[in-house]
Amino acid sequence: MNFFRTVFSSFKIQLTSSLYRSVFVTCILVNPMFYVFLLYMMYSSKNENIGNVIILGSGLTTIWSSICFSSAGDIERERRGGTLEYLFASPSNFNLIYLGKVLANTLLSISGFIISFIIATFILNEPPVLANPIYFTVSFILTIFSFITFSLFLGPLFTLSRNSRAFINSLDYPIFILCGMVTSLDLLPGSLKIISYSLPPTWGISLLRESANGIENYSNFFVNSLILILIGLIYILISIVLQRKIDKQARISASLGVF
């Protein structure tokens, strides 16, 4: 019960506070509009299922941007506000507090898919065509899981760094490319593909595209789903270990504050 109470309390507070931040509102409302038209101009003459391309690309980039600039930025805001030390020292586990923040921001960021769908369908006249709706729904849930596990892994890194804002700004677009949100992974050199396939969202995005455009090999689809879940669990385990080490070190050195 303490687990759910902590996560829900953090979720509820974050849900309210995120909607009052202009940067976050821009990420979930304005960015999808920009990405839809940008992707439309990029792929309208090259892809038959342009509706799938622009909705998935715009929606996924919106989710990542909201995670990057909000869930990660929350650590920086807590530090600047002088409350990060109190969160660490509270009886509740900091991982659960951060999980509530991530869940709230992820839920709000899904609005990017809705905005992208409306623009693509009713303005650009390019509605999506889902070849496997049921598998697409499963893939969507797994993709959200992959983003959550990735953001939980980044949490301790942002907590450790006192210059996390610069880290956030430099991390946004590389993940777009490495995870294949807007471009094919086939365009990447082999060395970068190794990094790409070590990131949970890469597998989720691949499943989404495959289920939307038509699954050719169901065995591979299920194997890739299991790989995503396994990598996600590994990221969760790493985040727990890192957070415990940082928590211990922070209590010794008292180094979580601005100074």
# chains A, B, ... in the order shown; residues from 1 in each chain; ligands from 1
>>> residues_around(residues="range 129-143 of chain A", least_positions_apart="6", cutoff="12 Å", atoms="only C-alpha atoms", output="JSON, numbers by chain")
{"A": [48, 49, 50, 51, 52, 53, 54, 55, 56, 59, 60, 63, 64, 106, 107, 110, 113, 117, 120, 121, 149, 150, 179, 181, 199, 200, 201, 202, 203, 204, 205, 206, 207, 208, 209, 210, 211, 212, 213, 214, 215, 216, 218, 221, 222, 224, 225, 226, 227, 228, 229, 230, 231, 232]}
>>> residues_around(residues="Gly57 in chain A", least_positions_apart="6", cutoff="9 Å", atoms="only C-alpha atoms", output="list in words")
Tyr35, Val36, Leu39, Gly180, Met181, Val182 and Thr183 of chain A
>>> atom_distance(atom1="CA of Ser196 in chain A", atom2="CA of Ile148 in chain A")
16.7 Å
>>> closest_residue(among="A:Ile234, A:Leu124, A:Leu178, A:Val102", to="Met41 in chain A", atoms="only C-alpha atoms")
A:Leu124
>>> atom_distance(atom1="CA of Ile168 in chain A", atom2="CA of Cys68 in chain A")
6.1 Å
>>> select_by_dssp(residues="range 100-158 of chain A", states="alpha helix (DSSP H)", output="PyMOL selection string")
chain A and resi 100-109+111-118+133-158
>>> residues_around(residues="range 1-18 of chain A", least_positions_apart="4", cutoff="12 Å", atoms="only C-alpha atoms", output="VMD selection string")
chain A and resid 22 to 28 66 to 67 69 to 71 73 to 74 77 87 90 to 109
>>> write_last_selection(atoms="N, CA and C atoms", output="short mmCIF file (atom, residue, chain, number, x, y, z; two decimals), in the first residue's frame")
data_model
loop_
_atom_site.label_atom_id
_atom_site.label_comp_id
_atom_site.auth_asym_id
_atom_site.auth_seq_id
_atom_site.Cartn_x
_atom_site.Cartn_y
_atom_site.Cartn_z
N SER A 22 4.84 26.51 -18.70
CA SER A 22 4.67 26.86 -20.11
C SER A 22 5.54 25.99 -21.02
N VAL A 23 6.74 25.61 -20.55
CA VAL A 23 7.62 24.79 -21.38
C VAL A 23 7.01 23.42 -21.61
N PHE A 24 6.43 22.84 -20.57
CA PHE A 24 5.83 21.52 -20.72
C PHE A 24 4.60 21.58 -21.63
N VAL A 25 3.78 22.60 -21.44
CA VAL A 25 2.59 22.75 -22.29
C VAL A 25 3.00 22.91 -23.75
N THR A 26 4.09 23.63 -23.98
CA THR A 26 4.61 23.78 -25.34
C THR A 26 5.03 22.43 -25.90
N CYS A 27 5.68 21.62 -25.08
CA CYS A 27 6.15 20.30 -25.52
C CYS A 27 5.00 19.40 -25.96
N ILE A 28 3.89 19.42 -25.21
CA ILE A 28 2.81 18.48 -25.50
C ILE A 28 1.74 19.04 -26.45
N SER A 66 8.82 15.46 -23.72
CA SER A 66 8.20 15.73 -22.43
C SER A 66 8.96 15.03 -21.31
N ILE A 67 9.44 13.81 -21.58
CA ILE A 67 10.24 13.09 -20.58
C ILE A 67 11.56 13.80 -20.37
N PHE A 69 12.50 17.00 -21.07
CA PHE A 69 12.46 18.36 -20.55
C PHE A 69 11.63 18.51 -19.29
N SER A 70 10.86 17.49 -18.93
CA SER A 70 10.05 17.61 -17.72
C SER A 70 10.49 16.63 -16.66
N SER A 71 10.39 15.33 -16.93
CA SER A 71 10.77 14.35 -15.92
C SER A 71 12.22 14.55 -15.51
N GLY A 73 13.95 17.39 -16.14
CA GLY A 73 14.05 18.76 -15.62
C GLY A 73 13.49 18.90 -14.22
N ASP A 74 12.63 17.97 -13.80
CA ASP A 74 12.07 18.03 -12.45
C ASP A 74 13.17 17.92 -11.40
N ARG A 77 14.72 21.29 -11.13
CA ARG A 77 13.84 22.24 -10.45
C ARG A 77 13.80 21.97 -8.94
N LEU A 87 13.36 15.48 -0.40
CA LEU A 87 12.79 14.29 -1.03
C LEU A 87 13.65 13.06 -0.75
N SER A 90 13.21 12.02 2.93
CA SER A 90 11.86 11.65 3.36
C SER A 90 11.76 10.13 3.55
N PRO A 91 10.81 9.65 4.34
CA PRO A 91 10.65 8.19 4.55
C PRO A 91 10.32 7.45 3.26
N SER A 92 9.68 8.12 2.30
CA SER A 92 9.32 7.48 1.04
C SER A 92 10.55 7.31 0.15
N ASN A 93 10.55 6.21 -0.58
CA ASN A 93 11.65 5.93 -1.50
C ASN A 93 11.66 6.94 -2.63
N PHE A 94 12.83 7.53 -2.92
CA PHE A 94 12.91 8.55 -3.96
C PHE A 94 12.58 7.96 -5.33
N ASN A 95 12.92 6.69 -5.55
CA ASN A 95 12.60 6.06 -6.84
C ASN A 95 11.09 6.07 -7.09
N LEU A 96 10.31 5.86 -6.05
CA LEU A 96 8.85 5.85 -6.19
C LEU A 96 8.33 7.25 -6.45
N ILE A 97 8.92 8.23 -5.80
CA ILE A 97 8.53 9.63 -6.05
C ILE A 97 8.81 10.00 -7.50
N TYR A 98 9.99 9.63 -7.98
CA TYR A 98 10.35 9.94 -9.36
C TYR A 98 9.48 9.16 -10.34
N LEU A 99 9.13 7.92 -10.00
CA LEU A 99 8.25 7.13 -10.86
C LEU A 99 6.90 7.82 -11.02
N GLY A 100 6.36 8.38 -9.96
CA GLY A 100 5.10 9.11 -10.06
C GLY A 100 5.20 10.29 -10.98
N LYS A 101 6.32 11.00 -10.93
CA LYS A 101 6.54 12.13 -11.83
C LYS A 101 6.58 11.68 -13.28
N VAL A 102 7.30 10.60 -13.53
CA VAL A 102 7.44 10.08 -14.89
C VAL A 102 6.09 9.62 -15.44
N LEU A 103 5.32 8.92 -14.63
CA LEU A 103 4.01 8.43 -15.08
C LEU A 103 3.08 9.58 -15.44
N ALA A 104 3.08 10.63 -14.63
CA ALA A 104 2.22 11.79 -14.90
C ALA A 104 2.62 12.47 -16.20
N ASN A 105 3.90 12.71 -16.38
CA ASN A 105 4.37 13.38 -17.60
C ASN A 105 4.14 12.52 -18.84
N THR A 106 4.31 11.22 -18.69
CA THR A 106 4.08 10.32 -19.82
C THR A 106 2.61 10.31 -20.22
N LEU A 107 1.73 10.28 -19.23
CA LEU A 107 0.29 10.30 -19.52
C LEU A 107 -0.09 11.58 -20.27
N LEU A 108 0.40 12.72 -19.81
CA LEU A 108 0.07 13.98 -20.47
C LEU A 108 0.66 14.05 -21.88
N SER A 109 1.83 13.45 -22.06
CA SER A 109 2.49 13.53 -23.37
C SER A 109 1.79 12.72 -24.44
#
>>> decode(residues="range 85-179 of chain A", atoms="C-alpha atoms", output="PDB file, in the first residue's frame")
ATOM      1  CA  GLU A  85      17.443  17.077  -0.239  1.00  0.00           C
ATOM      2  CA  TYR A  86      14.082  16.796   1.529  1.00  0.00           C
ATOM      3  CA  LEU A  87      12.790  14.292  -1.032  1.00  0.00           C
ATOM      4  CA  PHE A  88      15.863  12.141  -0.519  1.00  0.00           C
ATOM      5  CA  ALA A  89      15.592  12.385   3.263  1.00  0.00           C
ATOM      6  CA  SER A  90      11.859  11.647   3.363  1.00  0.00           C
ATOM      7  CA  PRO A  91      10.654   8.195   4.549  1.00  0.00           C
ATOM      8  CA  SER A  92       9.325   7.482   1.038  1.00  0.00           C
ATOM      9  CA  ASN A  93      11.652   5.934  -1.495  1.00  0.00           C
ATOM     10  CA  PHE A  94      12.911   8.550  -3.961  1.00  0.00           C
ATOM     11  CA  ASN A  95      12.597   6.055  -6.840  1.00  0.00           C
ATOM     12  CA  LEU A  96       8.853   5.848  -6.192  1.00  0.00           C
ATOM     13  CA  ILE A  97       8.532   9.625  -6.051  1.00  0.00           C
ATOM     14  CA  TYR A  98      10.353   9.943  -9.358  1.00  0.00           C
ATOM     15  CA  LEU A  99       8.250   7.129 -10.858  1.00  0.00           C
ATOM     16  CA  GLY A 100       5.099   9.105 -10.058  1.00  0.00           C
ATOM     17  CA  LYS A 101       6.536  12.132 -11.834  1.00  0.00           C
ATOM     18  CA  VAL A 102       7.436  10.077 -14.891  1.00  0.00           C
ATOM     19  CA  LEU A 103       4.011   8.428 -15.081  1.00  0.00           C
ATOM     20  CA  ALA A 104       2.224  11.787 -14.904  1.00  0.00           C
ATOM     21  CA  ASN A 105       4.367  13.381 -17.598  1.00  0.00           C
ATOM     22  CA  THR A 106       4.082  10.319 -19.822  1.00  0.00           C
ATOM     23  CA  LEU A 107       0.290  10.303 -19.518  1.00  0.00           C
ATOM     24  CA  LEU A 108       0.073  13.985 -20.467  1.00  0.00           C
ATOM     25  CA  SER A 109       2.494  13.534 -23.369  1.00  0.00           C
ATOM     26  CA  ILE A 110       0.201  10.963 -25.015  1.00  0.00           C
ATOM     27  CA  SER A 111      -1.885  13.980 -26.046  1.00  0.00           C
ATOM     28  CA  GLY A 112       0.752  14.437 -28.765  1.00  0.00           C
ATOM     29  CA  PHE A 113      -0.672  11.390 -30.549  1.00  0.00           C
ATOM     30  CA  ILE A 114      -4.180  12.831 -30.359  1.00  0.00           C
ATOM     31  CA  ILE A 115      -3.087  16.206 -31.748  1.00  0.00           C
ATOM     32  CA  SER A 116      -1.063  14.512 -34.479  1.00  0.00           C
ATOM     33  CA  PHE A 117      -4.024  12.312 -35.415  1.00  0.00           C
ATOM     34  CA  ILE A 118      -6.387  15.292 -35.669  1.00  0.00           C
ATOM     35  CA  ILE A 119      -4.020  17.328 -37.862  1.00  0.00           C
ATOM     36  CA  ALA A 120      -3.035  14.412 -40.097  1.00  0.00           C
ATOM     37  CA  THR A 121      -6.607  13.186 -40.566  1.00  0.00           C
ATOM     38  CA  PHE A 122      -8.648  16.373 -40.827  1.00  0.00           C
ATOM     39  CA  ILE A 123      -6.171  18.980 -42.073  1.00  0.00           C
ATOM     40  CA  LEU A 124      -3.658  17.044 -44.172  1.00  0.00           C
ATOM     41  CA  ASN A 125      -6.197  14.374 -45.169  1.00  0.00           C
ATOM     42  CA  GLU A 126      -3.729  11.601 -44.366  1.00  0.00           C
ATOM     43  CA  PRO A 127      -5.483   9.309 -41.854  1.00  0.00           C
ATOM     44  CA  PRO A 128      -3.536   6.401 -40.355  1.00  0.00           C
ATOM     45  CA  VAL A 129      -4.073   2.884 -41.651  1.00  0.00           C
ATOM     46  CA  LEU A 130      -3.476   0.227 -38.990  1.00  0.00           C
ATOM     47  CA  ALA A 131      -2.901  -3.246 -40.407  1.00  0.00           C
ATOM     48  CA  ASN A 132      -2.999  -4.949 -36.982  1.00  0.00           C
ATOM     49  CA  PRO A 133      -4.970  -2.807 -34.476  1.00  0.00           C
ATOM     50  CA  ILE A 134      -4.787  -5.332 -31.617  1.00  0.00           C
ATOM     51  CA  TYR A 135      -1.045  -5.844 -31.960  1.00  0.00           C
ATOM     52  CA  PHE A 136      -0.634  -2.095 -32.356  1.00  0.00           C
ATOM     53  CA  THR A 137      -2.326  -1.571 -28.992  1.00  0.00           C
ATOM     54  CA  VAL A 138      -0.013  -4.113 -27.357  1.00  0.00           C
ATOM     55  CA  SER A 139       2.988  -2.464 -29.039  1.00  0.00           C
ATOM     56  CA  PHE A 140       1.867   0.947 -27.816  1.00  0.00           C
ATOM     57  CA  ILE A 141       1.704  -0.283 -24.210  1.00  0.00           C
ATOM     58  CA  LEU A 142       5.149  -1.863 -24.540  1.00  0.00           C
ATOM     59  CA  THR A 143       6.527   1.341 -26.044  1.00  0.00           C
ATOM     60  CA  ILE A 144       5.216   3.406 -23.136  1.00  0.00           C
ATOM     61  CA  PHE A 145       6.844   0.861 -20.817  1.00  0.00           C
ATOM     62  CA  SER A 146      10.140   1.293 -22.686  1.00  0.00           C
ATOM     63  CA  PHE A 147      10.054   5.087 -22.319  1.00  0.00           C
ATOM     64  CA  ILE A 148       9.264   4.818 -18.610  1.00  0.00           C
ATOM     65  CA  THR A 149      12.130   2.392 -17.951  1.00  0.00           C
ATOM     66  CA  PHE A 150      14.530   4.573 -19.929  1.00  0.00           C
ATOM     67  CA  SER A 151      13.526   7.688 -17.995  1.00  0.00           C
ATOM     68  CA  LEU A 152      13.901   5.828 -14.680  1.00  0.00           C
ATOM     69  CA  PHE A 153      17.432   4.932 -15.747  1.00  0.00           C
ATOM     70  CA  LEU A 154      18.201   8.577 -16.543  1.00  0.00           C
ATOM     71  CA  GLY A 155      16.826   9.802 -13.201  1.00  0.00           C
ATOM     72  CA  PRO A 156      19.914   8.924 -11.115  1.00  0.00           C
ATOM     73  CA  LEU A 157      22.192  10.452 -13.765  1.00  0.00           C
ATOM     74  CA  PHE A 158      20.290  13.731 -13.629  1.00  0.00           C
ATOM     75  CA  THR A 159      20.345  13.582  -9.841  1.00  0.00           C
ATOM     76  CA  LEU A 160      24.108  13.122  -9.832  1.00  0.00           C
ATOM     77  CA  SER A 161      24.847  15.925 -12.294  1.00  0.00           C
ATOM     78  CA  ARG A 162      24.678  19.565 -11.215  1.00  0.00           C
ATOM     79  CA  ASN A 163      24.523  20.659 -14.836  1.00  0.00           C
ATOM     80  CA  SER A 164      21.623  18.467 -15.879  1.00  0.00           C
ATOM     81  CA  ARG A 165      19.997  21.243 -17.926  1.00  0.00           C
ATOM     82  CA  ALA A 166      22.873  21.174 -20.431  1.00  0.00           C
ATOM     83  CA  PHE A 167      22.683  17.364 -20.424  1.00  0.00           C
ATOM     84  CA  ILE A 168      18.967  17.536 -21.214  1.00  0.00           C
ATOM     85  CA  ASN A 169      19.441  19.974 -24.107  1.00  0.00           C
ATOM     86  CA  SER A 170      22.149  17.808 -25.667  1.00  0.00           C
ATOM     87  CA  LEU A 171      20.207  14.555 -25.257  1.00  0.00           C
ATOM     88  CA  ASP A 172      16.944  15.420 -27.007  1.00  0.00           C
ATOM     89  CA  TYR A 173      17.705  15.109 -30.723  1.00  0.00           C
ATOM     90  CA  PRO A 174      20.341  12.318 -30.541  1.00  0.00           C
ATOM     91  CA  ILE A 175      17.695  10.012 -29.060  1.00  0.00           C
ATOM     92  CA  PHE A 176      15.340  10.933 -31.922  1.00  0.00           C
ATOM     93  CA  ILE A 177      17.927   9.516 -34.311  1.00  0.00           C
ATOM     94  CA  LEU A 178      19.320   6.634 -32.269  1.00  0.00           C
ATOM     95  CA  CYS A 179      15.872   5.180 -31.509  1.00  0.00           C
TER      96      CYS A 179
END
